[in-house]
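Engineer: Below is a structure I'd like to ask you about.
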Amino acid sequence: MIAGRVADVIVIGGGIVGAACADELASQGLNVCVLDCQRPAATAAGMGHLVVLDHSPAELALGEYSVRLWRELAAHLPDDCAMRTNGTLWLACNEPEMAEAERKQQALSAFGLGCELISGAALAEVEPSLRPGLLGALKVSGDGILYAPNAARWLLQRQPGRVRQRQAEVVAVEGNRVRLADGQWLQADAVLLANGIYAKDLCPDLPLQAKKGHLLITDRYPAQISHTLVELGYITNAHKGDGPSVAFNLQQRPTGQLFVGSSRQFDNHDPAIDAAMLGRMLRRAMDFLPDLGHLNGIRSWTGFRSASPDGQPLVGEHPQQPGLWLAVGHEGLGVTTATGTAKLLAAQLLRTSPPAELQPHLHAYLPQRFIGAHVHA
Ligand SMILES: Cc1cc2nc3c(=O)[nH]c(=O)nc-3n(C[C@H](O)[C@H](O)[C@H](O)COP(=O)(O)OP(=O)(O)OC[C@H]3O[C@@H](n4cnc5c(N)ncnc54)[C@H](O)[C@@H]3O)c2cc1C
């Protein structure tokens with residue numbers, strides 16, 4: 001079969017990760033063709049919390065670098081991307097969680113992030129809607145929020161001379177060539193797989209697992225909270241292990257709507273709302289913000305995070321398929337880390353130096369940690 005060359009790089013997937021990669025590659029002078037078949041995308045389902053997590057040094061480095069890149073982009077983003085640097089408050093209910101707040105504060109400060117521990121009394125002053133009796137919180141000032149679907153659209157449209165979009169379903173990938181559902185083959189110097197949870201359909205050797213999540217959004221209300229609020233139990237217990245879990249996670253959008261999360265269920269591919277899970281998630285949220293029960297929830301939905309075994313994305317060339325590049329496995333952080341992923345991917349693809357911030361942890365992002373190199377007989 002003859003494959004038509006359509007661009008320097010074909011990107012499969014126009015969610016936030018594919019969009020950020022396409023934009024970065026275009027900024028470096030490449031012509032990019034983005035193929036997307038409009039399936040339900042995590043980018044449209046997520047909370048858009050730009051948050052630096054620190055389960056590992058690699059996660060901390062990628063998160064810090066990426067959020068910094070978002071802040072640099074903020075001045076250029078249109079209003080409908082609703083980006084705000086409102087900061088995160090990590091809430092401690094008990095002594096172990098306060099100890100976790102202290103540990104986190106040290107880890108983030110050592111990395112140069114602006115953060116401070118605040119007492120229960122100070123917390124009650126800055127967030128009076130929270131229930132009384134919380135022990136304190138860690139405030140991380142540089143975190144933010146973003147309306148990711150609009151940010152992805154903007155990234156895909158801002159360099160029209162270099163980034164072309166085409167609605168098409170890719171049904172097979174072979175190195176630097178792709179086959180579309182209509183049978184047509186397309187090729188480029190490189191193909192980038194950035195199609196989130198669907199990546200395994202095209203590349204079954206990827207070690208990705210779906211993690212289902214529920215979210216709910218309310219009507220518009222006057223200011224109820226001023227930071228994004230997350231319980232430290234999110235780290236210390238609720239989201240550990242493989243069982244279903246919920247954790248309090250709340251942000252108020254610039255529209256005034258409250259965005260309530262979060263839940264996690266492994267190996268559940270059913271997009272239907274699980275009423276019991278949603279109920280558990282909302283009860284948890286009301287434990288922290290009692291007045292939430294008086295607000296009007298207008299919509300709830302589910303989405304799927306694409307999780308790798310160690311929680312870090314796979315960014316780099318497929319070790320067994322020259323010409324096929326990967327930007328997958330971003331789990332619950334792909335909006336945050338899309339910008340850093342794009343820089344890391346572009347540096348590898350163009351054989352330039354990776355960002356200095358990520359250099360010490362490079363091995364932690366490469367696909368090689370899960371997919372061995374092809375052994376020739
Ligand atoms: C409930 C929930 C809450 C979350 N909250 C946050 C958060 O607060 N902060 C954060 O940073 N992250 C969050 N995330 C994670 C984040 O949303 C994802 O990591 C991120 O959106 C992944 O983006 P993506 O571009 O890789 O994939 P997606 O957004 O899923 O995009 C994939 C695209 O590929 C296209 N596609 C798929 N298959 C094909 C094919 N065969 N041919 C052509 N096109 C194809 C689809 O149409 C889709 O547009 C959350 C996720 C969920 C589910």
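Labels used: A, B, ... for chains in the order of the structure tokens, numbers from 1 for residues in each chain, and numbers from 1 for ligands as shown.
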Please identify every polymer residue within 7 Å of ligand 1, using only C-alpha atoms and all ligand atoms, and present the set as a CSV table (one decimal) with N, CA and C atoms, in the first residue's frame.

Structural biologist:
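out-v5.csv, freshly written:
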```csv
chain,number,residue,atom,x,y,z
A,12,ILE,N,-1.6,11.7,16.9
A,12,ILE,CA,-2.9,11.1,17.1
A,12,ILE,C,-3.4,11.5,18.4
A,13,GLY,N,-4.5,12.3,18.4
A,13,GLY,CA,-5.2,12.8,19.6
A,13,GLY,C,-5.0,14.3,19.8
A,14,GLY,N,-6.1,15.0,19.9
A,14,GLY,CA,-6.1,16.4,20.0
A,14,GLY,C,-6.6,16.8,21.4
A,15,GLY,N,-6.4,16.0,22.4
A,15,GLY,CA,-6.6,16.4,23.8
A,15,GLY,C,-5.5,17.3,24.3
A,16,ILE,N,-5.4,17.6,25.6
A,16,ILE,CA,-4.5,18.6,26.0
A,16,ILE,C,-3.0,18.2,25.8
A,17,VAL,N,-2.8,16.9,25.9
A,17,VAL,CA,-1.4,16.4,25.7
A,17,VAL,C,-1.0,16.5,24.2
A,18,GLY,N,-1.8,16.0,23.3
A,18,GLY,CA,-1.6,16.1,21.9
A,18,GLY,C,-1.5,17.5,21.4
A,35,LEU,N,-4.6,14.3,14.1
A,35,LEU,CA,-5.8,13.5,13.7
A,35,LEU,C,-6.6,13.2,15.0
A,36,ASP,N,-7.9,13.5,15.0
A,36,ASP,CA,-8.7,13.2,16.2
A,36,ASP,C,-10.1,12.7,15.7
A,37,CYS,N,-10.6,11.7,16.4
A,37,CYS,CA,-11.9,11.2,16.0
A,37,CYS,C,-13.0,11.6,17.0
A,38,GLN,N,-12.8,12.5,17.9
A,38,GLN,CA,-13.8,13.1,18.8
A,38,GLN,C,-14.4,12.0,19.7
A,39,ARG,N,-13.6,11.2,20.3
A,39,ARG,CA,-14.1,10.3,21.3
A,39,ARG,C,-14.2,11.0,22.6
A,40,PRO,N,-14.9,10.5,23.6
A,40,PRO,CA,-14.9,11.2,24.9
A,40,PRO,C,-13.4,11.3,25.5
A,41,ALA,N,-13.0,12.5,25.7
A,41,ALA,CA,-11.6,12.8,26.1
A,41,ALA,C,-11.5,13.1,27.6
A,42,ALA,N,-10.4,12.6,28.2
A,42,ALA,CA,-10.2,13.0,29.6
A,42,ALA,C,-10.1,14.5,29.8
A,43,THR,N,-9.6,15.1,28.7
A,43,THR,CA,-9.4,16.6,28.8
A,43,THR,C,-10.7,17.3,29.1
A,44,ALA,N,-11.8,16.8,28.5
A,44,ALA,CA,-13.1,17.4,28.7
A,44,ALA,C,-13.7,16.9,30.0
A,45,ALA,N,-13.2,15.9,30.6
A,45,ALA,CA,-13.8,15.3,31.8
A,45,ALA,C,-13.2,15.7,33.1
A,46,GLY,N,-12.0,16.2,33.0
A,46,GLY,CA,-11.2,16.5,34.2
A,46,GLY,C,-11.5,17.8,34.9
A,47,MET,N,-10.8,18.0,36.0
A,47,MET,CA,-11.0,19.2,36.9
A,47,MET,C,-10.1,20.4,36.4
A,48,GLY,N,-9.0,20.1,35.7
A,48,GLY,CA,-8.2,21.2,35.3
A,48,GLY,C,-7.4,21.9,36.4
A,49,HIS,N,-7.2,21.1,37.5
A,49,HIS,CA,-6.4,21.6,38.6
A,49,HIS,C,-4.9,21.5,38.2
A,50,LEU,N,-4.2,22.7,38.2
A,50,LEU,CA,-2.8,22.7,37.9
A,50,LEU,C,-2.1,22.5,39.2
A,51,VAL,N,-1.6,21.4,39.5
A,51,VAL,CA,-1.1,21.1,40.8
A,51,VAL,C,0.2,20.3,40.8
A,168,ALA,N,-10.4,12.3,11.9
A,168,ALA,CA,-10.1,11.0,11.3
A,168,ALA,C,-9.8,10.0,12.5
A,169,GLU,N,-10.3,8.8,12.3
A,169,GLU,CA,-10.0,7.7,13.3
A,169,GLU,C,-8.8,6.9,12.8
A,170,VAL,N,-7.8,6.8,13.6
A,170,VAL,CA,-6.7,5.9,13.3
A,170,VAL,C,-7.0,4.5,13.8
A,171,VAL,N,-6.9,3.5,12.9
A,171,VAL,CA,-7.2,2.2,13.3
A,171,VAL,C,-5.9,1.3,13.5
A,194,ALA,N,-0.8,10.2,21.2
A,194,ALA,CA,-1.2,11.0,22.3
A,194,ALA,C,-2.7,10.9,22.5
A,195,ASN,N,-3.2,9.7,22.5
A,195,ASN,CA,-4.6,9.6,22.5
A,195,ASN,C,-5.2,9.0,23.8
A,196,GLY,N,-4.5,9.3,24.9
A,196,GLY,CA,-5.0,9.1,26.2
A,196,GLY,C,-5.3,7.6,26.5
A,197,ILE,N,-6.5,7.3,27.0
A,197,ILE,CA,-6.8,6.0,27.4
A,197,ILE,C,-7.0,5.0,26.2
A,198,TYR,N,-7.1,5.6,25.0
A,198,TYR,CA,-7.3,4.7,23.8
A,198,TYR,C,-6.0,4.3,23.2
A,199,ALA,N,-4.9,4.7,23.8
A,199,ALA,CA,-3.6,4.3,23.2
A,199,ALA,C,-3.3,2.8,23.1
A,202,LEU,N,-4.2,0.9,19.9
A,202,LEU,CA,-3.3,1.0,18.8
A,202,LEU,C,-1.9,0.4,19.1
A,212,LYS,N,-11.3,5.1,36.5
A,212,LYS,CA,-12.6,5.9,36.4
A,212,LYS,C,-12.7,7.0,37.4
A,213,GLY,N,-13.2,8.1,37.1
A,213,GLY,CA,-13.5,9.2,38.1
A,213,GLY,C,-14.8,9.8,37.9
A,214,HIS,N,-15.4,10.3,39.0
A,214,HIS,CA,-16.7,11.0,38.9
A,214,HIS,C,-16.4,12.5,39.3
A,215,LEU,N,-17.2,13.4,38.7
A,215,LEU,CA,-17.2,14.8,39.1
A,215,LEU,C,-18.6,15.3,39.1
A,262,SER,N,-13.3,13.9,44.4
A,262,SER,CA,-13.0,13.1,43.3
A,262,SER,C,-13.1,11.6,43.7
A,302,THR,N,-18.6,11.2,34.3
A,302,THR,CA,-17.4,10.4,34.6
A,302,THR,C,-16.4,10.6,33.5
A,303,GLY,N,-15.1,10.2,33.8
A,303,GLY,CA,-14.1,10.2,32.8
A,303,GLY,C,-13.0,9.2,33.2
A,304,PHE,N,-12.1,8.9,32.3
A,304,PHE,CA,-11.1,7.9,32.6
A,304,PHE,C,-9.7,8.4,32.5
A,305,ARG,N,-9.0,8.2,33.6
A,305,ARG,CA,-7.5,8.6,33.6
A,305,ARG,C,-6.8,7.4,33.0
A,306,SER,N,-5.6,7.6,32.4
A,306,SER,CA,-4.8,6.6,31.9
A,306,SER,C,-3.6,6.4,32.7
A,328,VAL,N,1.9,9.4,26.6
A,328,VAL,CA,0.7,8.7,27.2
A,328,VAL,C,0.9,8.4,28.7
A,330,HIS,N,-0.7,9.8,31.5
A,330,HIS,CA,-0.6,10.9,32.4
A,330,HIS,C,-1.5,10.9,33.6
A,331,GLU,N,-2.3,9.8,33.7
A,331,GLU,CA,-3.1,9.6,34.9
A,331,GLU,C,-4.0,10.8,35.2
A,332,GLY,N,-4.0,11.2,36.5
A,332,GLY,CA,-4.8,12.3,36.9
A,332,GLY,C,-4.1,13.7,36.9
A,333,LEU,N,-3.0,13.8,36.0
A,333,LEU,CA,-2.2,15.0,36.0
A,333,LEU,C,-1.9,15.5,34.7
A,334,GLY,N,-2.6,15.0,33.6
A,334,GLY,CA,-2.2,15.3,32.3
A,334,GLY,C,-2.4,16.8,31.9
A,335,VAL,N,-3.4,17.4,32.5
A,335,VAL,CA,-3.6,18.9,32.2
A,335,VAL,C,-2.4,19.6,32.7
A,336,THR,N,-2.0,19.3,34.0
A,336,THR,CA,-0.9,20.0,34.6
A,336,THR,C,0.4,19.7,33.8
A,337,THR,N,0.6,18.5,33.4
A,337,THR,CA,2.0,18.1,32.9
A,337,THR,C,2.0,18.2,31.4
```

Engineer: Near Met281 in chain A, within 10 Å and counting only C-alpha atoms, which residues show up once chain neighbours fewer than 3 positions away are dropped, as a compact mmCIF listing (two decimals) with C-alpha atoms, in the first residue's frame?

Structural biologist:
```
# COMPACT_ATOMS: atom_id res chain seq x y z
CA HIS A 214 -16.70 11.03 38.90
CA LEU A 215 -17.16 14.79 39.07
CA LEU A 216 -20.06 17.11 39.83
CA SER A 245 -11.74 5.44 46.78
CA VAL A 246 -12.96 8.99 47.21
CA ALA A 247 -11.20 12.14 48.39
CA PHE A 248 -12.34 15.71 48.91
CA ASN A 249 -11.24 17.98 46.07
CA VAL A 260 -16.58 18.74 43.25
CA GLY A 261 -14.35 15.64 43.09
CA SER A 262 -12.96 13.10 43.27
CA SER A 263 -13.32 9.33 42.96
CA ARG A 264 -11.16 6.50 41.62
CA ALA A 275 -24.79 6.44 42.13
CA ALA A 276 -23.20 4.80 45.18
CA MET A 277 -19.75 6.11 44.24
CA LEU A 278 -21.07 9.59 43.47
CA ARG A 284 -16.99 13.18 51.73
CA ALA A 285 -17.16 16.69 50.28
CA MET A 286 -19.92 17.67 52.70
```

Engineer: At a cut-off of 8 Å, using only C-alpha atoms, what residues contact range 220-225 of chain A? Leave out same-chain residues fewer than 2 positions from it and give the result as a count of residues only.

Structural biologist: 12

Engineer: Return the single residue from A:Asp219, A:Glu24, A:Asp267, A:Glu174 that is closest to Asn296 in chain A, with distances computed using only C-alpha atoms.

Structural biologist: A:Asp219

Engineer: Could you list, as a list of chain:residue names, every residue within 9 Å of Asn86 in chain A, counting only C-alpha atoms and ignoring same-chain residues fewer than 4 positions away?

Structural biologist: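 Answer for this query is A:Ser141, A:Gly142, A:Asp143, A:Gly144, A:Ile145, A:Ser226, A:His227, A:Thr228.
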
Engineer: Store the residues picked out above in a file with C-alpha atoms, as a PDB file, in the first residue's frame.

Structural biologist:
```
ATOM      1  CA  SER A 141       0.746  29.449  46.100  1.00  0.00           C
ATOM      2  CA  GLY A 142       1.772  28.748  42.499  1.00  0.00           C
ATOM      3  CA  ASP A 143      -0.849  26.083  41.708  1.00  0.00           C
ATOM      4  CA  GLY A 144      -3.795  27.074  39.552  1.00  0.00           C
ATOM      5  CA  ILE A 145      -6.840  26.071  37.556  1.00  0.00           C
ATOM      6  CA  SER A 226     -10.849  31.135  47.329  1.00  0.00           C
ATOM      7  CA  HIS A 227      -8.306  28.316  46.843  1.00  0.00           C
ATOM      8  CA  THR A 228      -8.546  24.845  45.383  1.00  0.00           C
TER       9      THR A 228
END
```

Engineer: Skipping near chain neighbours, those fewer than 4 positions away, what residues fall within 7 Å of range 355-358 of chain A using only C-alpha atoms, listed as a list in words?

Structural biologist: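 Listing them by chain and then by number gives Ala61, Leu62, Tyr65, Leu344 and Leu362 of chain A.
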
Engineer: Atoms to include: N, CA and C atoms. Write the selected residues as a CSV table (one decimal), in the first residue's frame.

Structural biologist:
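New file out.csv:
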```csv
chain,number,residue,atom,x,y,z
A,61,ALA,N,9.5,17.2,39.7
A,61,ALA,CA,10.2,18.0,38.7
A,61,ALA,C,9.3,18.3,37.5
A,62,LEU,N,8.6,17.3,37.0
A,62,LEU,CA,7.8,17.5,35.9
A,62,LEU,C,6.6,18.4,36.2
A,65,TYR,N,7.9,22.2,36.8
A,65,TYR,CA,8.3,22.7,35.5
A,65,TYR,C,7.1,23.1,34.6
A,344,LEU,N,9.6,18.0,26.7
A,344,LEU,CA,10.4,16.8,26.8
A,344,LEU,C,10.4,16.0,25.5
A,362,LEU,N,15.3,11.8,33.7
A,362,LEU,CA,14.9,11.4,32.4
A,362,LEU,C,14.4,10.0,32.3
```

Engineer: Can you list, as a PDB file with C-alpha atoms, in the first residue's frame, all residues belonging to range 59-131 of chain A that DSSP tags as helix (DSSP H, G or I)?

Structural biologist:
```pdb
ATOM      1  CA  GLU A  59       6.781  13.757  39.456  1.00  0.00           C
ATOM      2  CA  LEU A  60       7.777  16.837  41.420  1.00  0.00           C
ATOM      3  CA  ALA A  61      10.223  17.988  38.724  1.00  0.00           C
ATOM      4  CA  LEU A  62       7.761  17.507  35.859  1.00  0.00           C
ATOM      5  CA  GLY A  63       4.907  19.113  37.787  1.00  0.00           C
ATOM      6  CA  GLU A  64       6.878  22.141  38.933  1.00  0.00           C
ATOM      7  CA  TYR A  65       8.323  22.743  35.480  1.00  0.00           C
ATOM      8  CA  SER A  66       4.951  22.279  33.778  1.00  0.00           C
ATOM      9  CA  VAL A  67       2.990  24.563  36.102  1.00  0.00           C
ATOM     10  CA  ARG A  68       5.690  27.204  35.625  1.00  0.00           C
ATOM     11  CA  LEU A  69       5.232  26.896  31.849  1.00  0.00           C
ATOM     12  CA  TRP A  70       1.456  27.306  32.267  1.00  0.00           C
ATOM     13  CA  ARG A  71       2.011  30.445  34.323  1.00  0.00           C
ATOM     14  CA  GLU A  72       4.254  31.812  31.553  1.00  0.00           C
ATOM     15  CA  LEU A  73       1.527  31.044  29.002  1.00  0.00           C
ATOM     16  CA  ASP A  79     -10.263  34.462  28.735  1.00  0.00           C
ATOM     17  CA  ASP A  80     -12.274  31.338  27.983  1.00  0.00           C
ATOM     18  CA  CYS A  81      -9.347  29.192  29.178  1.00  0.00           C
ATOM     19  CA  GLU A  95      -1.920  14.623  63.322  1.00  0.00           C
ATOM     20  CA  PRO A  96      -0.692  12.162  60.653  1.00  0.00           C
ATOM     21  CA  GLU A  97      -2.040  14.478  57.956  1.00  0.00           C
ATOM     22  CA  MET A  98      -0.402  17.497  59.618  1.00  0.00           C
ATOM     23  CA  ALA A  99       2.854  15.533  59.630  1.00  0.00           C
ATOM     24  CA  GLU A 100       2.314  14.880  55.923  1.00  0.00           C
ATOM     25  CA  ALA A 101       1.727  18.616  55.405  1.00  0.00           C
ATOM     26  CA  GLU A 102       5.073  19.314  57.070  1.00  0.00           C
ATOM     27  CA  ARG A 103       6.863  16.692  54.997  1.00  0.00           C
ATOM     28  CA  LYS A 104       5.311  18.076  51.838  1.00  0.00           C
ATOM     29  CA  GLN A 105       6.195  21.626  52.800  1.00  0.00           C
ATOM     30  CA  GLN A 106       9.850  20.642  53.174  1.00  0.00           C
ATOM     31  CA  ALA A 107       9.905  18.744  49.879  1.00  0.00           C
ATOM     32  CA  LEU A 108       8.280  21.557  47.906  1.00  0.00           C
ATOM     33  CA  SER A 109      10.305  24.335  49.564  1.00  0.00           C
ATOM     34  CA  ALA A 110      13.526  22.462  48.853  1.00  0.00           C
ATOM     35  CA  GLY A 120      -6.365  25.638  61.958  1.00  0.00           C
ATOM     36  CA  ALA A 121      -7.333  29.142  63.109  1.00  0.00           C
ATOM     37  CA  ALA A 122      -5.698  30.793  60.094  1.00  0.00           C
ATOM     38  CA  LEU A 123      -7.393  28.250  57.820  1.00  0.00           C
ATOM     39  CA  ALA A 124     -10.797  29.126  59.286  1.00  0.00           C
ATOM     40  CA  GLU A 125     -10.101  32.764  58.463  1.00  0.00           C
ATOM     41  CA  VAL A 126      -9.069  32.250  54.832  1.00  0.00           C
TER      42      VAL A 126
END
```

Engineer: Could you list, as a PDB file with C-alpha atoms, in the first residue's frame, every residue within 9 Å of Gly4 in chain A, counting only C-alpha atoms and ignoring same-chain residues fewer than 6 positions away?

Structural biologist:
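around.pdb, freshly written:
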```
ATOM      1  CA  GLN A 184      -6.086   5.251   3.749  1.00  0.00           C
ATOM      2  CA  TRP A 185      -2.460   5.118   4.939  1.00  0.00           C
ATOM      3  CA  LEU A 186      -0.694   8.319   5.996  1.00  0.00           C
ATOM      4  CA  GLN A 187       2.945   8.767   6.896  1.00  0.00           C
ATOM      5  CA  ALA A 188       5.299  11.346   8.371  1.00  0.00           C
TER       6      ALA A 188
END
```

Engineer: Closest to Leu350 in chain A among A:Gly114, A:Gly136, A:Gly316, A:Gly161, using only C-alpha atoms?

Structural biologist: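 The shortest atom-to-atom distance to Leu350 in chain A comes from A:Gly316.
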